[in-house]
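Undergrad: Got a structure here, written out as C-alpha cells. Questions coming.
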Amino acid sequence: MSTLEISHLSKSFGALKVTDDVSLTVPSGELHAIIGPNGAGKTTLISQLSGQLRSDAGRIAMDGRDITGTTMPERVHLGLARSFQITQTLPGFTVLENVALAVQARHGSSFRFWARVASEAALNDAAMAALKEAGLDHRAEARASALSHGEHRRLELACALATEPRILLLDEPLAGVGGEDADAFVAALRAMKGRFTMMLIEHDMDAVFRLADRVSVLVYGRIIATGTPDEVRSDPAVRTAYLGEEEENAA
Amino acid sequence: MTDMTASAPAGRAPALAGRVKAAAILFVLFALFPPVVMLADDPFLVLIGTRILAYAIAALALDLILGYGAMVSFGHAAYLGFGTYAVAILSSYGINDIVLQMLGAVVISAVFALVTGAISLRTRGVYFIMITLAFGQMAFFFFISLSAYGGDDGYGLSQRSTLFGTQVLENDFVLFYATLAVLIGLFAICHRIVGSRFGRVLTGIRENPTRMEAIGYAPFRYQLTAFVISGCMTSLAGVLLANQAEFVSPAFMSWHRSGELIVMVVLGGIGTLAGAIGGAVAALLLEEVLGMMTEHWRLWFGLFLVLMVLFSPRGITGLVEKIGKGRS
C-alpha cells in the first residue's frame, strides 16, 4: 500500500483545460472515489496518473517519491496499476494468457527465448488466483474475444490485480454492468479494500457511496469538494453542480 | 500494421501442434527431393531446390517479426545482401569457412538491424514500412557503389564456402542438405521463441500495445530484439544463396526482393512459421512453372495472389486448415 500525492496537476488539449490545478492526497489504504459529470476530465486524470498521458504541469508522488517523469510501464513496476473504462485486452489470447502475461511482467525476465511459457506453473497459478478474485476463473480457457461485456470488465480487473499493485486506479469498472453482476463486482471491490490504495472513477452513485472512504467531485477539471460520502452528499456546491443534476435526470 | 495481422491467431495449442506437423511433412518432402531428382536425371533441379530452401529461411525469419510482431519490414532483402556479401568479401580475404562467414553476416546484420530498427520503431504502420524500405535501399546503393566487388555487375565467387576445412559444399547435394539443416534448425528456434516468455510478450504487443504498457511492458525493447533476431536469421539465407548461385550482386537486396519476401509470408499465411516456408516454396515454384509457360508470368502470378488474398486471407495455411476441418 502506498500514499498517492497529486499536486497542482494540469493538462490542456488546445485551449481546453481538462485537468485544472488538481491537488489531492490519497492516504495509504484508502478507497477514494472521483465522481463528476460527463466531460469533467475523470479519465484524463487517471491517464495522467497512470503515465499514459504526460502532464503539462504539476507533480505526482508515490510515498513521497516523485514519479511525474516516469512512463506507464515504469509506474506499473513501482506498483501503480490501472484498469480501463474501454476494455483493453489481447483478443487472440485466452483469458488465462492475458492475466499470466501481467504476472510475467513482475516475475522474472521476459528475455527468455526457449522455455515454454505456457507450462510455467508459477505464472498460471498466480494468474488463476487473480482470475478467481475477479470472478472469472471459470472462463480461464476462453478466448478474450469471446467474452461478454461483463466478463471483459472482470478480465480488466484481473489483469490489474495480477500486476500486484500498491495503488490501483479503476476507471469505471462497473460501466455497462448491471443487476446481480454489479452487486457481485461491488462485493469483490469491497473485499479488496485495505490491501492497496484505490482510486475509483464510477458513475454508479450507489456503488460509490457504499464503497468509498472519501469522495472527490471533479467538475470541468477542478476538484470542487473532497470529503466522506456523507459530507459530499450534503455539500451545497456539489448538489448544484452534480448531484442535483442527477436527481433532475432521475425525475 | 495491426490491421494487416489482426486475423492471425495468437497460437492456440492444437493449431500450434498442427503447424509443427505441417513443417515436419514439408521437411520430409524436402529431404526426399534430391533422390527423386536423381531418378529424373536432372541435377540442376537440386540447385533450384537449394534456392527455394534459402528463401524459405528468409521468409521464416520475416514471419517472426511480420506475423508475430506486426512489423512489416520492407527492407529485409538488405540482410540477404549482407549474407551474400559476407561470403564474397570474406572469401576475397581467404576466409572461406562457412561458419565464420555466417558469423560475419550475423554480426553486420545485428549492427544494421539494431541501428535501423531503433529508428524505424519510432514510427508505426505505413511509416514503418517506408522507413525500413529506405534503409534497405541505402544498403542496396552502398553495394552498388562497392566497385571492388563489381558494383552493379556483381562478383563471381571462385569457390563455394568450406565446411570444417573440407570442400564438401561444392557438391550440390551436400549444399542442399546443409541448407535444409539450417532451415530445420532455424524453424526449431523460431518455434521455441514464439512459445517462450519473449514470444508471448511480442505477440501481446501485436495484439494490443496499450494493454501491454498498462501491465508493465515497454514494447520498444522487445520489438527491437525481435527485429535484430529476424535480420540475423535472414542473413544466413544470404550466405547460402551466395553459395547456391556462386555469384553475389546487389540484385539480391533490391526492394523487389523485399516485396517478394513479404509475398511469400502472406501467401503462406502470416504468423504461422510453417506457412512462411510453404509460401516460399509455392511462390518460387509458381515463378519457375509460370516462367516456363509464358513470358508474362508475373501477370498470372499477380492474379493468383489476388485470388488467394481474397478467398483465403490466411494463405495456404488457411486453405490447409479448411481442408483438414472438412475432412474431420
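Labeling convention for the C-alpha cells: chains A, B, ... as they appear, residues from 1 per chain, ligands from 1 in order of appearance.
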Which residues, written as a list in words, have at least one atom at most 10 Å from Gly176 in chain A, with only C-alpha atoms counted and residues fewer than 2 positions away on the same chain left out?

TA: Gln85, His149, Gly150, Arg153, Glu172, Pro173, Leu174, Gly178, Ala182 and Asp204 of chain A

Undergrad: Keeping only all heavy atoms, write the selected residues as a PDB file, in the first residue's frame.

TA:
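Saved the output as part.pdb:
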ATOM      1  N   GLN A  85     -11.586   2.087 -18.824  1.00  0.00           N
ATOM      2  CA  GLN A  85     -13.033   2.179 -18.995  1.00  0.00           C
ATOM      3  C   GLN A  85     -13.449   1.396 -20.229  1.00  0.00           C
ATOM      4  O   GLN A  85     -14.407   0.637 -20.228  1.00  0.00           O
ATOM      5  CB  GLN A  85     -13.439   3.650 -19.126  1.00  0.00           C
ATOM      6  CG  GLN A  85     -14.927   3.842 -19.289  1.00  0.00           C
ATOM      7  CD  GLN A  85     -15.259   5.274 -19.655  1.00  0.00           C
ATOM      8  OE1 GLN A  85     -14.393   6.140 -19.733  1.00  0.00           O
ATOM      9  NE2 GLN A  85     -16.525   5.525 -19.895  1.00  0.00           N
ATOM     10  N   HIS A 149     -19.620  -8.620 -22.221  1.00  0.00           N
ATOM     11  CA  HIS A 149     -19.187  -7.320 -21.712  1.00  0.00           C
ATOM     12  C   HIS A 149     -18.819  -7.390 -20.232  1.00  0.00           C
ATOM     13  O   HIS A 149     -17.754  -6.913 -19.811  1.00  0.00           O
ATOM     14  CB  HIS A 149     -20.284  -6.278 -21.923  1.00  0.00           C
ATOM     15  CG  HIS A 149     -19.919  -4.948 -21.352  1.00  0.00           C
ATOM     16  ND1 HIS A 149     -19.086  -4.064 -22.006  1.00  0.00           N
ATOM     17  CD2 HIS A 149     -20.224  -4.377 -20.180  1.00  0.00           C
ATOM     18  CE1 HIS A 149     -18.907  -3.002 -21.253  1.00  0.00           C
ATOM     19  NE2 HIS A 149     -19.601  -3.155 -20.130  1.00  0.00           N
ATOM     20  N   GLY A 150     -19.677  -8.013 -19.457  1.00  0.00           N
ATOM     21  CA  GLY A 150     -19.422  -8.110 -18.021  1.00  0.00           C
ATOM     22  C   GLY A 150     -18.139  -8.880 -17.730  1.00  0.00           C
ATOM     23  O   GLY A 150     -17.368  -8.527 -16.835  1.00  0.00           O
ATOM     24  N   ARG A 153     -15.110  -6.782 -18.233  1.00  0.00           N
ATOM     25  CA  ARG A 153     -14.832  -5.906 -17.094  1.00  0.00           C
ATOM     26  C   ARG A 153     -14.046  -6.681 -16.037  1.00  0.00           C
ATOM     27  O   ARG A 153     -13.167  -6.139 -15.374  1.00  0.00           O
ATOM     28  CB  ARG A 153     -16.127  -5.368 -16.487  1.00  0.00           C
ATOM     29  CG  ARG A 153     -17.055  -4.620 -17.424  1.00  0.00           C
ATOM     30  CD  ARG A 153     -16.362  -3.584 -18.259  1.00  0.00           C
ATOM     31  NE  ARG A 153     -15.722  -2.547 -17.462  1.00  0.00           N
ATOM     32  CZ  ARG A 153     -14.736  -1.775 -17.906  1.00  0.00           C
ATOM     33  NH1 ARG A 153     -14.258  -1.936 -19.107  1.00  0.00           N
ATOM     34  NH2 ARG A 153     -14.230  -0.850 -17.133  1.00  0.00           N
ATOM     35  N   GLU A 172     -14.074   3.424 -14.113  1.00  0.00           N
ATOM     36  CA  GLU A 172     -15.434   2.914 -14.333  1.00  0.00           C
ATOM     37  C   GLU A 172     -15.488   1.403 -14.496  1.00  0.00           C
ATOM     38  O   GLU A 172     -15.917   0.891 -15.532  1.00  0.00           O
ATOM     39  CB  GLU A 172     -16.068   3.594 -15.554  1.00  0.00           C
ATOM     40  CG  GLU A 172     -16.295   5.068 -15.300  1.00  0.00           C
ATOM     41  CD  GLU A 172     -17.368   5.646 -16.206  1.00  0.00           C
ATOM     42  OE1 GLU A 172     -18.281   4.901 -16.598  1.00  0.00           O
ATOM     43  OE2 GLU A 172     -17.291   6.838 -16.515  1.00  0.00           O
ATOM     44  N   PRO A 173     -15.069   0.673 -13.464  1.00  0.00           N
ATOM     45  CA  PRO A 173     -15.080  -0.791 -13.584  1.00  0.00           C
ATOM     46  C   PRO A 173     -16.486  -1.344 -13.783  1.00  0.00           C
ATOM     47  O   PRO A 173     -16.647  -2.429 -14.324  1.00  0.00           O
ATOM     48  CB  PRO A 173     -14.493  -1.255 -12.248  1.00  0.00           C
ATOM     49  CG  PRO A 173     -14.667  -0.111 -11.312  1.00  0.00           C
ATOM     50  CD  PRO A 173     -14.588   1.115 -12.151  1.00  0.00           C
ATOM     51  N   LEU A 174     -17.517  -0.588 -13.367  1.00  0.00           N
ATOM     52  CA  LEU A 174     -18.888  -1.099 -13.464  1.00  0.00           C
ATOM     53  C   LEU A 174     -19.604  -0.646 -14.733  1.00  0.00           C
ATOM     54  O   LEU A 174     -20.780  -0.960 -14.915  1.00  0.00           O
ATOM     55  CB  LEU A 174     -19.696  -0.641 -12.248  1.00  0.00           C
ATOM     56  CG  LEU A 174     -19.282  -1.256 -10.915  1.00  0.00           C
ATOM     57  CD1 LEU A 174     -19.997  -0.561  -9.763  1.00  0.00           C
ATOM     58  CD2 LEU A 174     -19.575  -2.734 -10.895  1.00  0.00           C
ATOM     59  N   GLY A 178     -24.766  -4.523 -15.025  1.00  0.00           N
ATOM     60  CA  GLY A 178     -25.998  -4.245 -14.288  1.00  0.00           C
ATOM     61  C   GLY A 178     -26.398  -5.366 -13.365  1.00  0.00           C
ATOM     62  O   GLY A 178     -25.814  -6.453 -13.376  1.00  0.00           O
ATOM     63  N   ALA A 182     -23.377  -6.458 -11.063  1.00  0.00           N
ATOM     64  CA  ALA A 182     -22.821  -5.257 -10.450  1.00  0.00           C
ATOM     65  C   ALA A 182     -22.649  -5.465  -8.946  1.00  0.00           C
ATOM     66  O   ALA A 182     -21.636  -5.077  -8.362  1.00  0.00           O
ATOM     67  CB  ALA A 182     -23.711  -4.059 -10.731  1.00  0.00           C
ATOM     68  N   ASP A 204     -21.913   4.902 -11.095  1.00  0.00           N
ATOM     69  CA  ASP A 204     -22.940   4.303 -10.260  1.00  0.00           C
ATOM     70  C   ASP A 204     -22.816   4.880  -8.843  1.00  0.00           C
ATOM     71  O   ASP A 204     -21.992   4.459  -8.045  1.00  0.00           O
ATOM     72  CB  ASP A 204     -22.730   2.783 -10.259  1.00  0.00           C
ATOM     73  CG  ASP A 204     -23.804   2.058  -9.470  1.00  0.00           C
ATOM     74  OD1 ASP A 204     -24.445   2.706  -8.613  1.00  0.00           O
ATOM     75  OD2 ASP A 204     -23.987   0.859  -9.709  1.00  0.00           O
TER      76      ASP A 204
END

Undergrad: If we count only C-alpha atoms, what is near range 181-184 of chain B at a cut-off of 7 Å, once residues fewer than 4 positions away on the same chain are taken out, given as a PyMOL selection string?

TA: chain B and resi 57+177+188

Undergrad: Need to verify the contact set: Ile89 in chain B, 12 Å, only C-alpha atoms, exclusion of same-chain residues closer than 5 positions in sequence. Can you return it as a list of chain:residue names?

TA: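 Listed by chain and then number, they are B:Gly81, B:Phe82, B:Gly83, B:Thr84, B:Gly94, B:Ile95, B:Asn96, B:Leu100, B:Gln101, B:Gly104, B:Ala105, B:Phe143, B:Leu146, B:Ala148, B:Tyr149, B:Gly150, B:Gly154, B:Tyr155, B:Gly156, B:Leu157, B:Ser158, B:Ser161, B:Val239, B:Ala242, B:Phe247, B:Val248, B:Ser249.
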
Undergrad: Fewer than 4 positions away in the same chain doesn't count, so skip those; otherwise give me all residues within 9 Å of range 9-21 of chain A, counting only C-alpha atoms, as a ChimeraX atom specification.

TA: /A:39-42,44-45,48,53-60,220-223

Undergrad: In terms of the shortest atom-to-atom distance over only C-alpha atoms, which of A:Ala81, A:Ala144, A:Val117, A:Leu161 is closest to Leu131 in chain A?

TA: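 Of A:Ala81, A:Ala144, A:Val117, A:Leu161, the one nearest Leu131 in chain A is A:Leu161, counting only C-alpha atoms.
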
Undergrad: Could you work out how far CA of Met71 in chain B lies from CA of Arg75 in chain A, giving the answer in Å with one decimal?

TA: 26.5 Å

Undergrad: Among range 81-245 of chain A, which residues carry a DSSP assignment of alpha helix (DSSP H), reported as a PyMOL selection string?

TA: chain A and resi 95-106+121-134+149-162+179-192+205-211+229-234+236-238+244-245

Undergrad: Check the smallest atom-to-atom distance from each of B:Leu32, B:Val265, B:Met38, B:Ile229 to chain A using only C-alpha atoms, then report the winner.

TA: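 Checking each of B:Leu32, B:Val265, B:Met38, B:Ile229 against chain A, counting only C-alpha atoms, the winner is B:Ile229.
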
Undergrad: Would you mind listing, for every residue of chain A within 9 Å of chain B, the two atoms forming the shortest contact and the distance between them in Å to one decimal, using only C-alpha atoms, sorted by chain and ascending residue number, as a Markdown table?

TA:
| residue | atom | partner | partner_atom | distance |
| --- | --- | --- | --- | --- |
| A:Ser50 | CA | B:Ala214 | CA | 8.1 |
| A:Gln52 | CA | B:Ala214 | CA | 8.3 |
| A:Thr71 | CA | B:Ala218 | CA | 8.6 |
| A:Met72 | CA | B:Glu213 | CA | 6.1 |
| A:Pro73 | CA | B:Gly216 | CA | 3.8 |
| A:Glu74 | CA | B:Gly216 | CA | 6.6 |
| A:Arg75 | CA | B:Gly216 | CA | 7.6 |
| A:Val76 | CA | B:Gly216 | CA | 5.0 |
| A:His77 | CA | B:Gly216 | CA | 6.1 |
| A:Ala81 | CA | B:Ala214 | CA | 6.9 |
| A:Arg82 | CA | B:Ala214 | CA | 6.9 |
| A:Ser83 | CA | B:Ala214 | CA | 8.1 |
| A:Gln88 | CA | B:Arg211 | CA | 5.5 |
| A:Thr89 | CA | B:Arg211 | CA | 6.2 |
| A:Leu90 | CA | B:Glu207 | CA | 5.3 |
| A:Pro91 | CA | B:Glu207 | CA | 6.8 |
| A:Gly92 | CA | B:Ala10 | CA | 5.1 |
| A:Phe93 | CA | B:Ala10 | CA | 5.9 |
| A:Thr94 | CA | B:Arg12 | CA | 8.5 |
| A:Glu97 | CA | B:Arg200 | CA | 8.6 |
| A:Asn98 | CA | B:Gly204 | CA | 8.4 |
| A:Leu101 | CA | B:Val201 | CA | 7.2 |
| A:Ala102 | CA | B:Ile215 | CA | 5.3 |
| A:Val103 | CA | B:Ile215 | CA | 8.4 |
| A:Gln104 | CA | B:Arg197 | CA | 7.9 |
| A:Ala105 | CA | B:Gly216 | CA | 5.9 |
| A:Arg106 | CA | B:Gly216 | CA | 7.8 |
| A:Ser109 | CA | B:Arg197 | CA | 8.3 |
| A:Ser110 | CA | B:Phe198 | CA | 5.2 |
| A:Phe111 | CA | B:Phe198 | CA | 5.4 |
| A:Arg112 | CA | B:Phe198 | CA | 5.6 |
| A:Phe113 | CA | B:Ile193 | CA | 4.8 |
| A:Trp114 | CA | B:Arg192 | CA | 5.2 |
| A:Ala115 | CA | B:Ser196 | CA | 5.5 |
| A:Arg116 | CA | B:Ser196 | CA | 4.8 |
| A:Val117 | CA | B:Ser196 | CA | 4.9 |
| A:Ala118 | CA | B:Gly195 | CA | 7.4 |
| A:Cys159 | CA | B:Ile215 | CA | 7.3 |
| A:Ala160 | CA | B:Ile215 | CA | 7.0 |
| A:Ala162 | CA | B:Ile215 | CA | 8.4 |
| A:Thr163 | CA | B:Ile215 | CA | 6.3 |

Undergrad: Going by DSSP on the backbone, which bits of range 159-229 of chain A are strand (DSSP E)? Write them as a list in words, please.

TA: Ile167, Leu168, Leu169, Leu170, Asp171, Thr197, Met198, Met199, Leu200, Ile201, Arg214, Val215, Ser216, Val217, Leu218, Val219, Arg222, Ile223, Ile224, Ala225, Thr226 and Gly227 of chain A

Undergrad: If you measure from CA of Gly279 in chain B to CA of Gln223 in chain B, what distance in Å do you get, rounded to one decimal?

TA: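 Between these atoms lies a distance of 23.9 Å.
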
Undergrad: What does the structure give for the distance between CA of Gly36 in chain A and CA of Thr87 in chain A, in Å to one decimal?

TA: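 About the pair CA of Gly36 in chain A and CA of Thr87 in chain A: they are 20.9 Å apart.
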
Undergrad: Tell me which of B:Leu273, B:Arg160, B:Met253, B:Leu299 sits closest to Ser91 in chain B, counting only C-alpha atoms.

TA: B:Arg160
